[in-house]
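Below is one structure, written out as structure tokens; comments come after it.
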Amino acid sequence: MNNISPQTRLEVVRHYLNNGDSLRKTAQRFHVYYPTVFKWVKLYKKEGEAGLLSTYKRPWNRAKTDLEEKIALLKEKDPGLTVRDAKEILRQQGMKISIKGIWGIWKRYGYAGFNKEEFGHDFTGYTAWSKEAKSKFETAKKVFKSGKVKESAKILNSIPSLPTNKLIGKIPDKLLNWKRKTEKMSCLMGEIPPHNYFKKGEKLYKELKRRKLYHSALRIGVMEVVALAWIASSEKTLEKIEKVKQIINSPEDRHIPDIPRRTSELLFGPRFSLLIEEGIECTRLMKLKKADEIADTCRRLLRNRKLISPLSVLQLGIMYMNLEDYRKAENLILPVFKKVDEKEKEQLKLRLANIFVAKGDWRTASRFSRDAKFGAWSSLSGKYLFFSRLALIKGNLQKAISLCIEILSQLKKEEFDRRIFSGFFTIASAYAGLGERVKAKKILTKILPFFKKRKLKKYIHIIEILLSPNRLKLKNKKSKTRNQTAVINFLSPFPDCHLNKDLLPSVKLAHLVRNGNYLKALSFAKKKYLMLHFYRYLFFFPETIIRLLEKGKSTGLPRVILKLPIFNREVPVYHIKFLGSQIVYKNQKYLEVKLPPKNTAFVIQLATKTGGPGEKIYLKDLYNNFWPRSKGPSRNLSHLLMRIKKALKIPSHLLTISSKTGCPSIINEGIYFTTDYQEFEQILAQAKALEQTGEWRFAKREYLRAFELFRGEPFKKMYDNWSEQMRRVILGKLEDEAVHFAKSCMEHKNNTDARKVLKRILKIMPDSKEIMI
């Protein structure tokens with residue numbers, strides 16, 4: 001029977017049922033035995049097409065299904081049960097089954113016989129495929145492809161245990177039994193939003209616990225914890241971890257209360273995953289002593305294993321990344337990089353890239369970032385965050401700001417606490433690197449109350465240190481008031497903070513930099529791979545570096561960092577305000593400049609398109625925009641450039657015309673430009689990010705700051721094509737955001753601010769059809 005192909009069997013049965021031939025005639029027609037056709041028809045009527053398509057033959061000496069399910073249920077109801085305990089229980093019930101027999105059943109049902117080199121969050125990844133599972137799964141795939149979803153689900157439900165596969169995710173829940181629903185949750189991780197995933201998982205978790213199916217509840221609980229870490233506070237995640245751990249430690253339904261409990265090796269996967277998640281959440285709550293203890297426990301657990309799963313090592317590496325011990329993280333993750341599959345490798349690249357960015361090695365970071373992909377529930381904000389950090393250590397401050405604006409604009413609610421500090425801090429660091437420390441500190445001052453409200457201690461510590469005065473700067477003053485002395489003493493509670501274990505390394509480093517312990521700070525940053533943090537902190541406290549440079553001493557910093565305006569006061573930094581009449585600042589000093597409209601338009605375009613060194617504008621674009629009909633546009637451009645360089649006091653060698661790239665262009669050779677429109681976009685992104693979390697009070701304040709940047713109509717009396725296009729874009733954005741703000745104000749019963757903003761915008765756009773008061 002099993003030597004004939006499944007399709008032939010199905011064809012024979014269909015012929016018999018549809019054509020009215022007898023069993024004997026059908027057997028003769030297809031050259032098979034008469035009893036065989038009888039068996040096929042009987043099987044078809046009992047199990048449908050699935051019975052005929054299946055090639056699996058149950059071994060003659062295998063235990064009956066009812067007995068197997070009873071033995072499997074022992075493990076399901078008591079996850080910590082060992083095979084010896086199970087044997088004792090069955091003996092007391094009058095059944096003699098060997099340890100090998102129990103183990104074989106548990107392996108078939110997914111409770112034992114794991115691939116220990118694949119241990120991770122996903123239990124289906126380390127569950128072994130049995131012959132029965134392989135055979136029936138292939139049959140189910142064929143049936144599903146033919147459009148028979150119910151029949152396919154019926155075959156899947158008959159499999160004792162089903163490892164990782166994509167088919168189960170396509171079957172509706174209502175057609176699946178509790179085993180397949182549990183396995184489907186692993187398939188859905190990262191495929192649906194974490195809020196929906198947790199809600200779905202919690203419903204199944206409660207159902208499993210109600211039915212006393214604790215082993216499956218444990219597996220669902222682990223996956224719930226992973227999801228909860230994305231969407232809830234650390235306190236709530238830790239509460240869930242404790243509840244799930246209770247299933248391992250003290251199940252509600254013990255089979256033999258007098259049998260002493262042993263720690264089952266079969267539960268290593270969920271136990272290890274829960275420990276990792278607990279350690280990460282303790283780190284976020286600044287319970288660092290406990291987090292370090294958990295990390296040591298996990299390290300010891302792995303060291304004592306004969307077979308170590310690369311995924312478990314990766315989990316520990318991620319925990320060390322959260323603990324900001326990037327050196328240990330690199331030593332753990334880099335060796336397993338070659339051992340994981342291609343899909344995991346693509347996701348691992350981004351983690352390694354982030355380690356090397358933190359280390360300050362931007363070349364290696366760039367290499368790993370190629371073809372890197374996101375893990376479950378990651379979004380574009382993670383990619384932008386990496387490239388913003390990369391831009392920062394390469395000295396491309398303007399690009400870092402632009403990427404952070406994208407981060408804040410695209411933040412998902414579940415990413416907010418993780419990403420918002422990075423976004424705000426990178427923007428503030430970039431402005432500080434440009435020499436605009438007042439603006440940088442203002443950004444951090446505005447966001448500090450938000451972090452205090454959400455009790456995010458790590459970020460509060462760092463911001464308060466950066467906002468405090470430089471200890472050396474205060475010491476060097478000829479006289480100190482009593483208040484200044486108090487400030488110094490209050491802000492320096494950790495004289496040897498590198499020895500204090502109650503602070504994260506990034507916070508210790510901030511103390512060292514602010515206190516002027518430069519060599520200690522540099523050594524500590526290199527040791528812990530915190531060079532990115534080190535550079536950013538130095539932007540806020542540059543005095544030590546400037547003093548070393550003035551004395552001609554080595555700083556140990558890369559040349560690209562030392563060239564930044566904060567350390568090199570000769571580098572020109574221009575802030576161009578054009579959201580109204582043009583105002584120009586050079587290195588934070590007002591320039592009294594009056595330029596004709598065309599020259600003003602050129603300066604704005606220059607500032608917008610060539611914000612930092614190395615950027616360029618193609619000459620053909622300038623010619624087409626400003627002198628479309630001129631026979632000598634190059635002469636016109638030369639005269640215009642000469643006037644602008646003179647008016648803005650730009651050194652001639654910092655704006656050059658070059659044809660090296662094949663297309664003639666103006667190249668920025670060392671100037672930094674910022675604009676009030678860039679600031680408008682930045683503050684607007686901050687407002688939207690805050691609004692998304694429901695923090696309207698903080699969001700409203702940012703919206704009002706953004707609208708205040710508009711002093712009048714931009715590009716007034718400028719009629720070139722680029723200026724006209726930009727005017728439409730900027731005013732369109734202003735109008736849309738003003739309407740959005742007004743609607744949000746009304747939802748929060750705040751008509752006063754809505755009217756105030758709309759009146760302000762109407763003065764700039766009196767012909768607006770969208771704004772009505």
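Convention: chains lettered A, B, ... in structure tokens order; per-chain residue numbering from 1; ligands numbered from 1 as shown.
By only C-alpha atoms, and with residues fewer than 5 positions from Tyr214 of chain A along its chain excluded, the set lying at most 7 Å from it is Glu76, Lys77, Asp78, Pro79, Leu208, Lys209 and Ile247 of chain A.
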request  = With a distance cut-off of 10 Å and only C-alpha atoms, select the neighbouring residues of segment 743-751 of chain A, excluding the residue or stretch itself and same-chain residues fewer than 5 positions from it, and output the selection as a VMD selection string.
outcome  = chain A and resid 691 696 to 697 700 737 to 738 756
Can you write just those residues out, all heavy atoms, as a PDB file, in the first residue's frame?
```pdb
ATOM      1  N   GLU A 691       4.000  63.667  21.786  1.00  0.00           N
ATOM      2  CA  GLU A 691       2.538  63.548  21.669  1.00  0.00           C
ATOM      3  C   GLU A 691       2.121  62.091  21.504  1.00  0.00           C
ATOM      4  O   GLU A 691       1.092  61.667  22.038  1.00  0.00           O
ATOM      5  CB  GLU A 691       2.049  64.367  20.468  1.00  0.00           C
ATOM      6  CG  GLU A 691       0.534  64.387  20.331  1.00  0.00           C
ATOM      7  CD  GLU A 691       0.057  65.185  19.128  1.00  0.00           C
ATOM      8  OE1 GLU A 691       0.898  65.568  18.291  1.00  0.00           O
ATOM      9  OE2 GLU A 691      -1.156  65.420  19.027  1.00  0.00           O
ATOM     10  N   TRP A 696       0.927  65.114  26.468  1.00  0.00           N
ATOM     11  CA  TRP A 696       0.523  66.311  25.737  1.00  0.00           C
ATOM     12  C   TRP A 696       1.145  67.576  26.327  1.00  0.00           C
ATOM     13  O   TRP A 696       1.479  68.514  25.579  1.00  0.00           O
ATOM     14  CB  TRP A 696      -0.998  66.426  25.710  1.00  0.00           C
ATOM     15  CG  TRP A 696      -1.472  67.736  25.128  1.00  0.00           C
ATOM     16  CD1 TRP A 696      -2.120  68.748  25.752  1.00  0.00           C
ATOM     17  CD2 TRP A 696      -1.286  68.169  23.777  1.00  0.00           C
ATOM     18  NE1 TRP A 696      -2.351  69.782  24.900  1.00  0.00           N
ATOM     19  CE2 TRP A 696      -1.848  69.457  23.669  1.00  0.00           C
ATOM     20  CE3 TRP A 696      -0.690  67.609  22.648  1.00  0.00           C
ATOM     21  CZ2 TRP A 696      -1.855  70.183  22.497  1.00  0.00           C
ATOM     22  CZ3 TRP A 696      -0.673  68.343  21.464  1.00  0.00           C
ATOM     23  CH2 TRP A 696      -1.261  69.602  21.394  1.00  0.00           C
ATOM     24  N   ARG A 697       1.317  67.632  27.615  1.00  0.00           N
ATOM     25  CA  ARG A 697       1.870  68.844  28.230  1.00  0.00           C
ATOM     26  C   ARG A 697       3.268  69.132  27.695  1.00  0.00           C
ATOM     27  O   ARG A 697       3.592  70.271  27.358  1.00  0.00           O
ATOM     28  CB  ARG A 697       1.897  68.688  29.760  1.00  0.00           C
ATOM     29  CG  ARG A 697       2.386  69.933  30.502  1.00  0.00           C
ATOM     30  CD  ARG A 697       2.143  69.775  31.999  1.00  0.00           C
ATOM     31  NE  ARG A 697       2.928  68.674  32.561  1.00  0.00           N
ATOM     32  CZ  ARG A 697       4.175  68.812  33.018  1.00  0.00           C
ATOM     33  NH1 ARG A 697       4.779  69.989  32.965  1.00  0.00           N
ATOM     34  NH2 ARG A 697       4.805  67.778  33.531  1.00  0.00           N
ATOM     35  N   LYS A 700       2.946  69.933  23.797  1.00  0.00           N
ATOM     36  CA  LYS A 700       2.413  71.276  23.520  1.00  0.00           C
ATOM     37  C   LYS A 700       3.513  72.329  23.627  1.00  0.00           C
ATOM     38  O   LYS A 700       3.617  73.229  22.786  1.00  0.00           O
ATOM     39  CB  LYS A 700       1.277  71.595  24.498  1.00  0.00           C
ATOM     40  CG  LYS A 700       0.592  72.926  24.227  1.00  0.00           C
ATOM     41  CD  LYS A 700      -0.381  73.283  25.331  1.00  0.00           C
ATOM     42  CE  LYS A 700       0.371  73.792  26.548  1.00  0.00           C
ATOM     43  NZ  LYS A 700      -0.535  74.346  27.577  1.00  0.00           N
ATOM     44  N   GLU A 737       0.763  71.615  10.157  1.00  0.00           N
ATOM     45  CA  GLU A 737       1.099  71.398  11.563  1.00  0.00           C
ATOM     46  C   GLU A 737       0.294  72.306  12.486  1.00  0.00           C
ATOM     47  O   GLU A 737      -0.057  71.914  13.602  1.00  0.00           O
ATOM     48  CB  GLU A 737       2.604  71.615  11.794  1.00  0.00           C
ATOM     49  CG  GLU A 737       3.498  70.636  11.044  1.00  0.00           C
ATOM     50  CD  GLU A 737       3.203  69.191  11.380  1.00  0.00           C
ATOM     51  OE1 GLU A 737       2.651  68.910  12.462  1.00  0.00           O
ATOM     52  OE2 GLU A 737       3.527  68.314  10.549  1.00  0.00           O
ATOM     53  N   ALA A 738      -0.004  73.519  12.011  1.00  0.00           N
ATOM     54  CA  ALA A 738      -0.825  74.430  12.817  1.00  0.00           C
ATOM     55  C   ALA A 738      -2.239  73.887  12.982  1.00  0.00           C
ATOM     56  O   ALA A 738      -2.824  73.939  14.073  1.00  0.00           O
ATOM     57  CB  ALA A 738      -0.858  75.812  12.166  1.00  0.00           C
ATOM     58  N   LYS A 756      -4.330  81.236  19.632  1.00  0.00           N
ATOM     59  CA  LYS A 756      -3.099  82.026  19.630  1.00  0.00           C
ATOM     60  C   LYS A 756      -2.188  81.625  18.471  1.00  0.00           C
ATOM     61  O   LYS A 756      -1.654  82.489  17.748  1.00  0.00           O
ATOM     62  CB  LYS A 756      -2.373  81.806  20.967  1.00  0.00           C
ATOM     63  CG  LYS A 756      -1.088  82.587  21.124  1.00  0.00           C
ATOM     64  CD  LYS A 756      -0.459  82.264  22.483  1.00  0.00           C
ATOM     65  CE  LYS A 756       0.915  82.923  22.614  1.00  0.00           C
ATOM     66  NZ  LYS A 756       1.555  82.595  23.906  1.00  0.00           N
TER      67      LYS A 756
END
```
Find the spatial neighbours of Gly614 of chain A, counting only C-alpha atoms, within a cut-off of 8 Å - ignore same-chain residues fewer than 6 positions away - and output them as a compact mmCIF listing (two decimals) with all heavy atoms, in the first residue's frame.
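Once written, out.txt looks like this:
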```
# COMPACT_ATOMS: atom_id res chain seq x y z
N ILE A 667 32.08 73.43 -3.67
CA ILE A 667 32.35 72.48 -2.59
C ILE A 667 32.61 73.22 -1.30
O ILE A 667 33.37 74.19 -1.26
CB ILE A 667 33.55 71.58 -2.93
CG1 ILE A 667 33.26 70.79 -4.21
CG2 ILE A 667 33.86 70.62 -1.79
CD1 ILE A 667 34.41 69.92 -4.68
N ASN A 668 31.94 72.76 -0.26
CA ASN A 668 32.16 73.29 1.09
C ASN A 668 33.42 72.62 1.65
O ASN A 668 33.45 71.43 1.87
CB ASN A 668 30.95 72.97 1.97
CG ASN A 668 31.08 73.49 3.39
OD1 ASN A 668 32.16 73.82 3.85
ND2 ASN A 668 29.97 73.54 4.10
N GLU A 669 34.46 73.41 1.87
CA GLU A 669 35.75 72.88 2.29
C GLU A 669 36.00 72.98 3.79
O GLU A 669 37.09 72.68 4.26
CB GLU A 669 36.89 73.61 1.55
CG GLU A 669 36.85 73.48 0.04
CD GLU A 669 37.29 72.12 -0.46
OE1 GLU A 669 37.56 71.25 0.39
OE2 GLU A 669 37.34 71.92 -1.68
N GLY A 670 34.98 73.41 4.57
CA GLY A 670 35.23 73.48 6.01
C GLY A 670 34.32 74.41 6.77
O GLY A 670 34.69 74.94 7.82
```
Sorted by chain and rising residue number, which residues of segment 542-579 of chain A lie within 10 Å of segment 587-610 of chain A, and what are their closest atom pairs and distances in Å to one decimal, counting only C-alpha atoms, as JSON lines?
```
{"residue": "A:Pro565", "atom": "CA", "partner": "A:Asn587", "partner_atom": "CA", "distance": 8.9}
{"residue": "A:Arg569", "atom": "CA", "partner": "A:Asn587", "partner_atom": "CA", "distance": 8.3}
{"residue": "A:Glu570", "atom": "CA", "partner": "A:Asn587", "partner_atom": "CA", "distance": 9.3}
{"residue": "A:Val571", "atom": "CA", "partner": "A:Asn587", "partner_atom": "CA", "distance": 8.5}
{"residue": "A:Pro572", "atom": "CA", "partner": "A:Asn587", "partner_atom": "CA", "distance": 6.2}
{"residue": "A:Val573", "atom": "CA", "partner": "A:Asn587", "partner_atom": "CA", "distance": 5.1}
{"residue": "A:Tyr574", "atom": "CA", "partner": "A:Asn587", "partner_atom": "CA", "distance": 6.3}
{"residue": "A:His575", "atom": "CA", "partner": "A:Gln588", "partner_atom": "CA", "distance": 7.7}
{"residue": "A:Ile576", "atom": "CA", "partner": "A:Ile604", "partner_atom": "CA", "distance": 7.1}
{"residue": "A:Lys577", "atom": "CA", "partner": "A:Ile604", "partner_atom": "CA", "distance": 8.6}
{"residue": "A:Phe578", "atom": "CA", "partner": "A:Ile604", "partner_atom": "CA", "distance": 7.3}
```
Just want the 9 Å neighbourhood of Asp371 of chain A, counted on only C-alpha atoms, with same-chain residues fewer than 5 positions away dropped. Output as a short mmCIF file (atom, residue, chain, number, x, y, z; two decimals) with C-alpha atoms, in the first residue's frame.
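The resulting file, selection33.cif, is reproduced below:
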```
data_model
loop_
_atom_site.label_atom_id
_atom_site.label_comp_id
_atom_site.auth_asym_id
_atom_site.auth_seq_id
_atom_site.Cartn_x
_atom_site.Cartn_y
_atom_site.Cartn_z
CA GLU A 346 21.94 39.45 9.06
CA LYS A 349 25.40 42.43 11.98
CA LEU A 350 23.55 45.48 13.32
#
```
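Minimum atom-to-atom distances from A:Gln92, A:Ser130, A:Asn115, A:Gln686 to Ile407 of chain A were compared using only C-alpha atoms, and the lowest value belongs to A:Gln686.
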query = If you run DSSP on the backbone, which residues of segment 323-381 of chain A are helix (DSSP H, G or I), as JSON, numbers by chain?
reply = {"A": [326, 327, 328, 329, 330, 331, 332, 333, 334, 335, 336, 342, 343, 344, 345, 346, 347, 348, 349, 350, 351, 352, 353, 354, 355, 356, 357, 358, 359, 362, 363, 364, 365, 366, 367, 368, 369, 380, 381]}
ask   = Hey, what's within 9 Å of segment 629-640 of chain A if we count only C-alpha atoms and toss same-chain stuff fewer than 4 positions away? As a list of chain:residue names, please?
value = A:Asn599, A:Phe602, A:Leu619, A:Leu622, A:Tyr623, A:Asn624, A:Ile644, A:Lys645
task = Determine the nearest neighbour of Ser312 of chain A from the options A:Leu444, A:Lys394, A:Ile89, A:His121, counting only C-alpha atoms.
result = A:His121
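Residues in contact with Gly423 of chain A at 9 Å, where only C-alpha atoms are counted and same-chain residues fewer than 5 positions away are skipped, are listed as Leu385, Ser388, Ile401, Leu403, Cys404, Ile405, Ile407, Leu408, Ala428 and Gln686 of chain A.
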So which residues touch segment 17-32 of chain A within 12 Å, counting only C-alpha atoms, skipping near sequence neighbours fewer than 2 positions away, as a compact mmCIF listing (two decimals) with N, CA and C atoms, in the first residue's frame?
```txt
# COMPACT_ATOMS: atom_id res chain seq x y z
N MET A 1 0.83 -1.21 0.00
CA MET A 1 0.00 0.00 0.00
C MET A 1 0.86 1.25 0.00
N ASN A 3 3.87 1.55 -1.16
CA ASN A 3 4.78 1.68 -2.30
C ASN A 3 4.15 2.45 -3.45
N ILE A 4 2.86 2.65 -3.41
CA ILE A 4 2.15 3.38 -4.47
C ILE A 4 2.04 4.84 -4.07
N THR A 8 -1.71 8.55 -6.79
CA THR A 8 -2.35 7.40 -7.46
C THR A 8 -3.47 6.85 -6.59
N ARG A 9 -3.22 6.73 -5.30
CA ARG A 9 -4.26 6.26 -4.38
C ARG A 9 -5.50 7.13 -4.48
N LEU A 10 -5.27 8.46 -4.46
CA LEU A 10 -6.39 9.41 -4.51
C LEU A 10 -7.14 9.28 -5.83
N GLU A 11 -6.40 9.08 -6.91
CA GLU A 11 -7.03 8.94 -8.23
C GLU A 11 -7.90 7.68 -8.29
N VAL A 12 -7.42 6.61 -7.69
CA VAL A 12 -8.17 5.33 -7.68
C VAL A 12 -9.47 5.49 -6.90
N VAL A 13 -9.40 6.06 -5.73
CA VAL A 13 -10.59 6.22 -4.88
C VAL A 13 -11.60 7.14 -5.56
N ARG A 14 -11.13 8.24 -6.16
CA ARG A 14 -12.05 9.17 -6.84
C ARG A 14 -12.75 8.48 -8.01
N HIS A 15 -12.00 7.65 -8.73
CA HIS A 15 -12.61 6.93 -9.85
C HIS A 15 -13.71 6.00 -9.35
N TYR A 34 -7.51 -6.01 -5.22
CA TYR A 34 -8.87 -5.64 -4.79
C TYR A 34 -8.91 -5.25 -3.31
N PRO A 35 -8.28 -5.99 -2.36
CA PRO A 35 -8.32 -5.60 -0.94
C PRO A 35 -7.67 -4.24 -0.68
N THR A 36 -6.68 -3.90 -1.52
CA THR A 36 -5.99 -2.61 -1.35
C THR A 36 -6.94 -1.47 -1.64
N VAL A 37 -7.73 -1.61 -2.73
CA VAL A 37 -8.70 -0.56 -3.07
C VAL A 37 -9.72 -0.43 -1.94
N PHE A 38 -10.13 -1.56 -1.38
CA PHE A 38 -11.09 -1.55 -0.28
C PHE A 38 -10.52 -0.76 0.92
N LYS A 39 -9.23 -1.00 1.24
CA LYS A 39 -8.59 -0.30 2.36
C LYS A 39 -8.52 1.20 2.09
N TRP A 40 -8.19 1.57 0.83
CA TRP A 40 -8.07 2.98 0.49
C TRP A 40 -9.41 3.71 0.63
N VAL A 41 -10.46 3.07 0.13
CA VAL A 41 -11.80 3.68 0.21
C VAL A 41 -12.21 3.85 1.67
N LYS A 42 -11.95 2.82 2.47
CA LYS A 42 -12.29 2.88 3.89
C LYS A 42 -11.51 4.01 4.60
N TYR A 44 -10.25 6.64 3.14
CA TYR A 44 -10.71 7.94 2.62
C TYR A 44 -11.98 8.39 3.34
N LYS A 45 -12.90 7.45 3.54
CA LYS A 45 -14.16 7.79 4.21
C LYS A 45 -13.94 8.16 5.68
```
Residue nearest Ile447 of chain A among A:Lys240, A:Glu695, A:Pro469, A:Tyr126 (counting only C-alpha atoms) = A:Glu695
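Between Glu406 of chain A and the candidates A:Ile650, A:Leu684, A:Leu579, A:Asn331, the tightest atom-to-atom separation, counting only C-alpha atoms, involves A:Leu684.
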query = A:Arg536, A:His740, A:Arg419, A:Lys412: which is nearest Leu564 of chain A, counting only C-alpha atoms?
reply = A:Arg536
remark   = The residue from A:Leu314, A:Met286, A:Tyr320, A:Met189 with the smallest atom-to-atom distance to Glu344 of chain A, counting only C-alpha atoms, is A:Leu314
request  = Step one, run DSSP on the backbone; step two, keep only residues of segment 588-768 of chain A assigned to strand (DSSP E or B); then write them as a ChimeraX atom specification.
outcome  = /A:589-591,616-618,655-658,665-668,672-675
